[in-house]
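What follows is a single structure, written as structure tokens, with notes after it.
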Amino acid sequence: MAVPTPTMGPSALGQTGPGSMAPWCSMSCGLSCYVLGMQELFRGHSKTREFPAHSAKVHLVAWSCNGRRLASGSFDKTASVFLLEKDRLVKENNYRGHGDSVDQLCWHPSNPDLFVTASGDKTIRIWDVRTTKCIATVNTKGENINICWSPDGQTIAVGNKDDVVTFTDAKTHRSKAEEQFKFEVNEISWNNDNNMFFLTNGNGCINILSYPELKPVQSINAHPSNCICIKFDPMGKYFATGSADALVSLWDVDELVCVRCFSRLDWPVRTLSFSHDGKMLASASEDHFIDIAEVETGDKLWEVQCESPTFTVAWHPKRPLLAFACDDKDGKYDSSREAGTVKLFGLPNDS
């Protein structure tokens, strides 16, 4: 497949901060001004801090839509929520109720007080941070392993280990539709326009359904091996997929063609996140670093060093702060005990 030549027009560059400069500062180094500006920023903001969150491995981290809170889900059967205060996370609450590991969670797309968790206990639970209570428990047919909230806030989709995806009304908590797939469903997501539903599968394909009709639109052979994760950029221009072949591929949303591949990781890509401006893409795996690339060129912008595999990354929705969690062990006390910490990169070096 032909790969289009990257273009760097004004729309690809921010109007404030590093991106407000001319697109290309120096043809000799070949890096865009956005990359150079962000590298300069991260040279002074390369600190990573750890925050105790759980008593076992953290599976997922996610920011509320306004960026005030970070939620995490863990093997210890709980979710935790932190408040972001200046340059630190302050634990606000721990949410108990699930009878099994909290494998996935996501926030309401426009209400910063609501989030939903998916668990192996065959339920999903909707929580309200204002009351710190579970406002709904929805029973599902299987052990849940992935979840997403539709961009219009009306529907929650949850997938289980039997490759069944259930669409639940977010207000009535009743099932609206259910689909059994004949392939291994890995990650699910609506597009930003809410009119298509995407699934990555074990055969390396991206399956696209119309929404709400749930009729097959297209199946894309994206990778030669297991296609693990998918994320849409906030601007609605691209989506990215990560695969067991250690590649991240970037796709044009409208044309459904691959425009670029990122190949700096050596292990299966487990997690992806676009920055708030859509210009940076973080990807992570069992490699002991998180790759941060410029979306428009694929150039390496930064790498965040880790001491163990990384399972989840999430850019803040307004600032160049990256939350993540690794398969850390608590070496201070017991080298086999999981640390259960969440981490924040992008803090001032002198903080």
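By order of appearance in the structure tokens: chains A, B, ..., then residues from 1 within every chain, and ligands from 1 in the order shown.
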(request) Enumerate the residues of range 119-266 of chain A with a DSSP assignment of strand (DSSP E or B), computed from the backbone, and present them as an NGL selection string. (result) :A and (119 or 123-128 or 133-139 or 144-149 or 155-160 or 164-169 or 175-180 or 185-190 or 196-201 or 205-210 or 216-221 or 227-232 or 238-243 or 248-252 or 258-262)
(request) With a distance cut-off of 8 Å and only C-alpha atoms, select the neighbouring residues of Thr137 in chain A, excluding the residue or stretch itself and same-chain residues fewer than 2 positions from it, and output the selection as a list in words. (result) Thr123, Ile124, Arg125, Ile126, Cys134, Ile135 and Asn139 of chain A
Go ahead and save the picked residues with N, CA and C atoms, as a PDB file, in the first residue's frame.
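Final output, saved to selection.pdb:
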```
ATOM      1  N   THR A 123     -20.238  -8.028  35.584  1.00  0.00           N
ATOM      2  CA  THR A 123     -21.010  -6.792  35.736  1.00  0.00           C
ATOM      3  C   THR A 123     -20.206  -5.611  35.205  1.00  0.00           C
ATOM      4  N   ILE A 124     -20.947  -4.542  34.882  1.00  0.00           N
ATOM      5  CA  ILE A 124     -20.318  -3.231  34.756  1.00  0.00           C
ATOM      6  C   ILE A 124     -20.976  -2.343  35.811  1.00  0.00           C
ATOM      7  N   ARG A 125     -20.213  -1.385  36.311  1.00  0.00           N
ATOM      8  CA  ARG A 125     -20.741  -0.492  37.340  1.00  0.00           C
ATOM      9  C   ARG A 125     -20.482   0.957  36.941  1.00  0.00           C
ATOM     10  N   ILE A 126     -21.501   1.783  37.097  1.00  0.00           N
ATOM     11  CA  ILE A 126     -21.382   3.220  36.834  1.00  0.00           C
ATOM     12  C   ILE A 126     -21.252   3.925  38.179  1.00  0.00           C
ATOM     13  N   CYS A 134     -21.795   3.797  43.744  1.00  0.00           N
ATOM     14  CA  CYS A 134     -22.172   3.112  42.510  1.00  0.00           C
ATOM     15  C   CYS A 134     -23.637   3.457  42.235  1.00  0.00           C
ATOM     16  N   ILE A 135     -23.905   4.109  41.093  1.00  0.00           N
ATOM     17  CA  ILE A 135     -25.279   4.513  40.807  1.00  0.00           C
ATOM     18  C   ILE A 135     -26.012   3.469  39.970  1.00  0.00           C
ATOM     19  N   ASN A 139     -25.809  -6.233  35.036  1.00  0.00           N
ATOM     20  CA  ASN A 139     -25.352  -7.615  34.860  1.00  0.00           C
ATOM     21  C   ASN A 139     -25.169  -7.926  33.383  1.00  0.00           C
TER      22      ASN A 139
END
```
(request) Have a look at A:Ala222, A:Ala136, A:Ala339, A:Leu344 and name the one nearest to Val313 in chain A; count only C-alpha atoms. (result) A:Leu344
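Each of A:Lys176, A:Arg69, A:Arg43, A:Arg270 was checked against Phe345 in chain A using only C-alpha atoms; the smallest atom-to-atom distance is that of A:Arg43.
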Report as a Markdown table: every residue of range 72-182 of chain A with an atom at most 12 Å from range 323-327 of chain A, its closest pair of atoms, and their distance in Å to one decimal, counting only C-alpha atoms, with rows sorted by chain and ascending residue number.
```
| residue | atom | partner | partner_atom | distance |
| --- | --- | --- | --- | --- |
| A:Ser72 | CA | A:Ala325 | CA | 9.0 |
| A:Gly73 | CA | A:Ala325 | CA | 10.3 |
| A:Ser74 | CA | A:Ala325 | CA | 10.3 |
| A:Phe75 | CA | A:Asp327 | CA | 11.3 |
| A:Phe82 | CA | A:Ala323 | CA | 11.4 |
| A:Leu84 | CA | A:Ala323 | CA | 11.0 |
| A:Arg88 | CA | A:Ala323 | CA | 11.2 |
| A:Leu89 | CA | A:Ala323 | CA | 10.2 |
```
(request) Tell me, in Å to one decimal, how far CA of His108 in chain A is from CA of Trp149 in chain A. (result)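 CA of His108 in chain A sits 6.3 Å away from CA of Trp149 in chain A.
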(message) Here is a test: counting only C-alpha atoms, which residue of A:Glu296, A:Asp121, A:Glu213, A:Glu303 is nearest to Ala177 in chain A?
(response)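 Smallest separation from Ala177 in chain A among the options: A:Glu213.
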(message) Considering only C-alpha atoms, can you say which of A:Val138, A:Cys306, A:Ala240, A:Leu70 comes closest to Ser273 in chain A?
(response)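 Between A:Val138, A:Cys306, A:Ala240, A:Leu70, the residue approaching Ser273 in chain A most closely is A:Ala240.
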(request) Give me the residues within 9 Å of Asn66 in chain A as a PyMOL selection string, counting only C-alpha atoms and dropping any in the same chain fewer than 2 places off. (result) chain A and resi 63-64+68-69+110-112+316-318
(request) Extract, using only C-alpha atoms, all DNA, RNA and protein residues at most 10 Å from Pro234 in chain A, discarding same-chain residues fewer than 4 positions from it, and format them as a PyMOL selection string. (result) chain A and resi 192+238-239+274-279+317
Let me see the file: selected residues, N, CA, C and O atoms, as a PDB file, in the first residue's frame.
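What follows is the written file selection-v9.pdb:
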```
ATOM      1  N   ASN A 192     -15.267   9.317  16.306  1.00  0.00           N
ATOM      2  CA  ASN A 192     -15.644  10.560  16.989  1.00  0.00           C
ATOM      3  C   ASN A 192     -17.037  11.041  16.585  1.00  0.00           C
ATOM      4  O   ASN A 192     -17.701  11.744  17.344  1.00  0.00           O
ATOM      5  N   TYR A 238      -7.324  11.070  12.462  1.00  0.00           N
ATOM      6  CA  TYR A 238      -6.673   9.768  12.407  1.00  0.00           C
ATOM      7  C   TYR A 238      -7.214   8.821  13.471  1.00  0.00           C
ATOM      8  O   TYR A 238      -7.780   9.248  14.473  1.00  0.00           O
ATOM      9  N   PHE A 239      -6.975   7.545  13.262  1.00  0.00           N
ATOM     10  CA  PHE A 239      -6.994   6.592  14.370  1.00  0.00           C
ATOM     11  C   PHE A 239      -5.728   5.754  14.274  1.00  0.00           C
ATOM     12  O   PHE A 239      -5.106   5.665  13.211  1.00  0.00           O
ATOM     13  N   PHE A 274      -3.405   9.410  22.157  1.00  0.00           N
ATOM     14  CA  PHE A 274      -3.112  10.664  21.473  1.00  0.00           C
ATOM     15  C   PHE A 274      -3.133  11.810  22.471  1.00  0.00           C
ATOM     16  O   PHE A 274      -3.966  11.827  23.391  1.00  0.00           O
ATOM     17  N   SER A 275      -2.251  12.787  22.270  1.00  0.00           N
ATOM     18  CA  SER A 275      -2.275  13.989  23.093  1.00  0.00           C
ATOM     19  C   SER A 275      -3.502  14.825  22.759  1.00  0.00           C
ATOM     20  O   SER A 275      -4.169  14.612  21.739  1.00  0.00           O
ATOM     21  N   HIS A 276      -3.784  15.803  23.602  1.00  0.00           N
ATOM     22  CA  HIS A 276      -5.022  16.590  23.476  1.00  0.00           C
ATOM     23  C   HIS A 276      -5.111  17.334  22.152  1.00  0.00           C
ATOM     24  O   HIS A 276      -6.211  17.569  21.631  1.00  0.00           O
ATOM     25  N   ASP A 277      -3.960  17.702  21.581  1.00  0.00           N
ATOM     26  CA  ASP A 277      -3.955  18.434  20.309  1.00  0.00           C
ATOM     27  C   ASP A 277      -3.840  17.502  19.106  1.00  0.00           C
ATOM     28  O   ASP A 277      -3.791  17.957  17.959  1.00  0.00           O
ATOM     29  N   GLY A 278      -3.794  16.186  19.371  1.00  0.00           N
ATOM     30  CA  GLY A 278      -3.696  15.211  18.289  1.00  0.00           C
ATOM     31  C   GLY A 278      -2.335  15.129  17.632  1.00  0.00           C
ATOM     32  O   GLY A 278      -2.174  14.444  16.622  1.00  0.00           O
ATOM     33  N   LYS A 279      -1.339  15.790  18.203  1.00  0.00           N
ATOM     34  CA  LYS A 279      -0.028  15.871  17.536  1.00  0.00           C
ATOM     35  C   LYS A 279       1.007  14.884  18.062  1.00  0.00           C
ATOM     36  O   LYS A 279       2.027  14.659  17.421  1.00  0.00           O
ATOM     37  N   PRO A 317      -6.193  15.482  28.931  1.00  0.00           N
ATOM     38  CA  PRO A 317      -6.981  16.084  27.851  1.00  0.00           C
ATOM     39  C   PRO A 317      -6.707  17.553  27.566  1.00  0.00           C
ATOM     40  O   PRO A 317      -7.268  18.113  26.622  1.00  0.00           O
TER      41      PRO A 317
END
```
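Closest to Leu114 in chain A among A:Lys343, A:Lys133, A:His223, A:Arg96 is A:Lys133, based on only C-alpha atoms.
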